[in-house]
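Here is the structure we will look at.
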Amino acid sequence: MLAELAAANAAFAIIKTAVQNTGDLTRVAHKISEYSGAKSKIEKQARADKAAGKTGSDLESFMAVEQIRKNEQELKELMIWSGRAGLWDDWVKFQAQARLQRKREEAEPEAFRIEFHNNIGKVAIAIAIILVISGLIYLKTP
């Protein structure tokens, strides 16, 4: 979790500097993706730790999530007061798009595996039908 927090903090620092200097998020789109990914990993790990009842990492998870929330609040204020109009809304939209993209990327291997297994099942059924028909034809011939 510390690695993800360090990655999120580093990306946040670059995003913050870019917003302060230019007010333009497009120049740091890759850092926004890194930040969003690290944020998602931290939140996911915190939920997993809480569900598993891990007491040793509870404080670490809580502090990491709080650091992310603090960064988000600071960035929101910065974007509202010193950025261009609508910058915060663009940030929220971009994060939502990045989250959807990550979910799609995570779901692709699972969808491929399911489709592969379904196709194997279809082929097995087709072979079974062909064997049954061949067997019936063989038994009917004198």
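Each chain in the structure tokens gets a letter, A, B, ..., in the order shown, and its residues are numbered from 1; ligands are numbered from 1 in order too.
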Self-check item: Long-range neighbours of Ala7 in chain A as a list in words, 12 Å cut-off, only C-alpha atoms, 3 positions minimum in chain
Solution: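 My reading of the contact set: Met1, Leu2, Ala3, Glu4, Ala10, Ala11, Phe12, Ala13, Ile14, Lys31, Ile32, Ser33, Glu34, Tyr35, Ser36, Gly37, Ala38, Lys39, Ser40, Lys41, Ile42, Ala64 and Ile68 of chain A.
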Quiz item: If we count only C-alpha atoms, what is near range 80-96 of chain A at a cut-off of 7 Å, once residues fewer than 2 positions away on the same chain are taken out, given as a PyMOL selection string?
Solution: chain A and resi 19-20+23+36+76-78+98-100
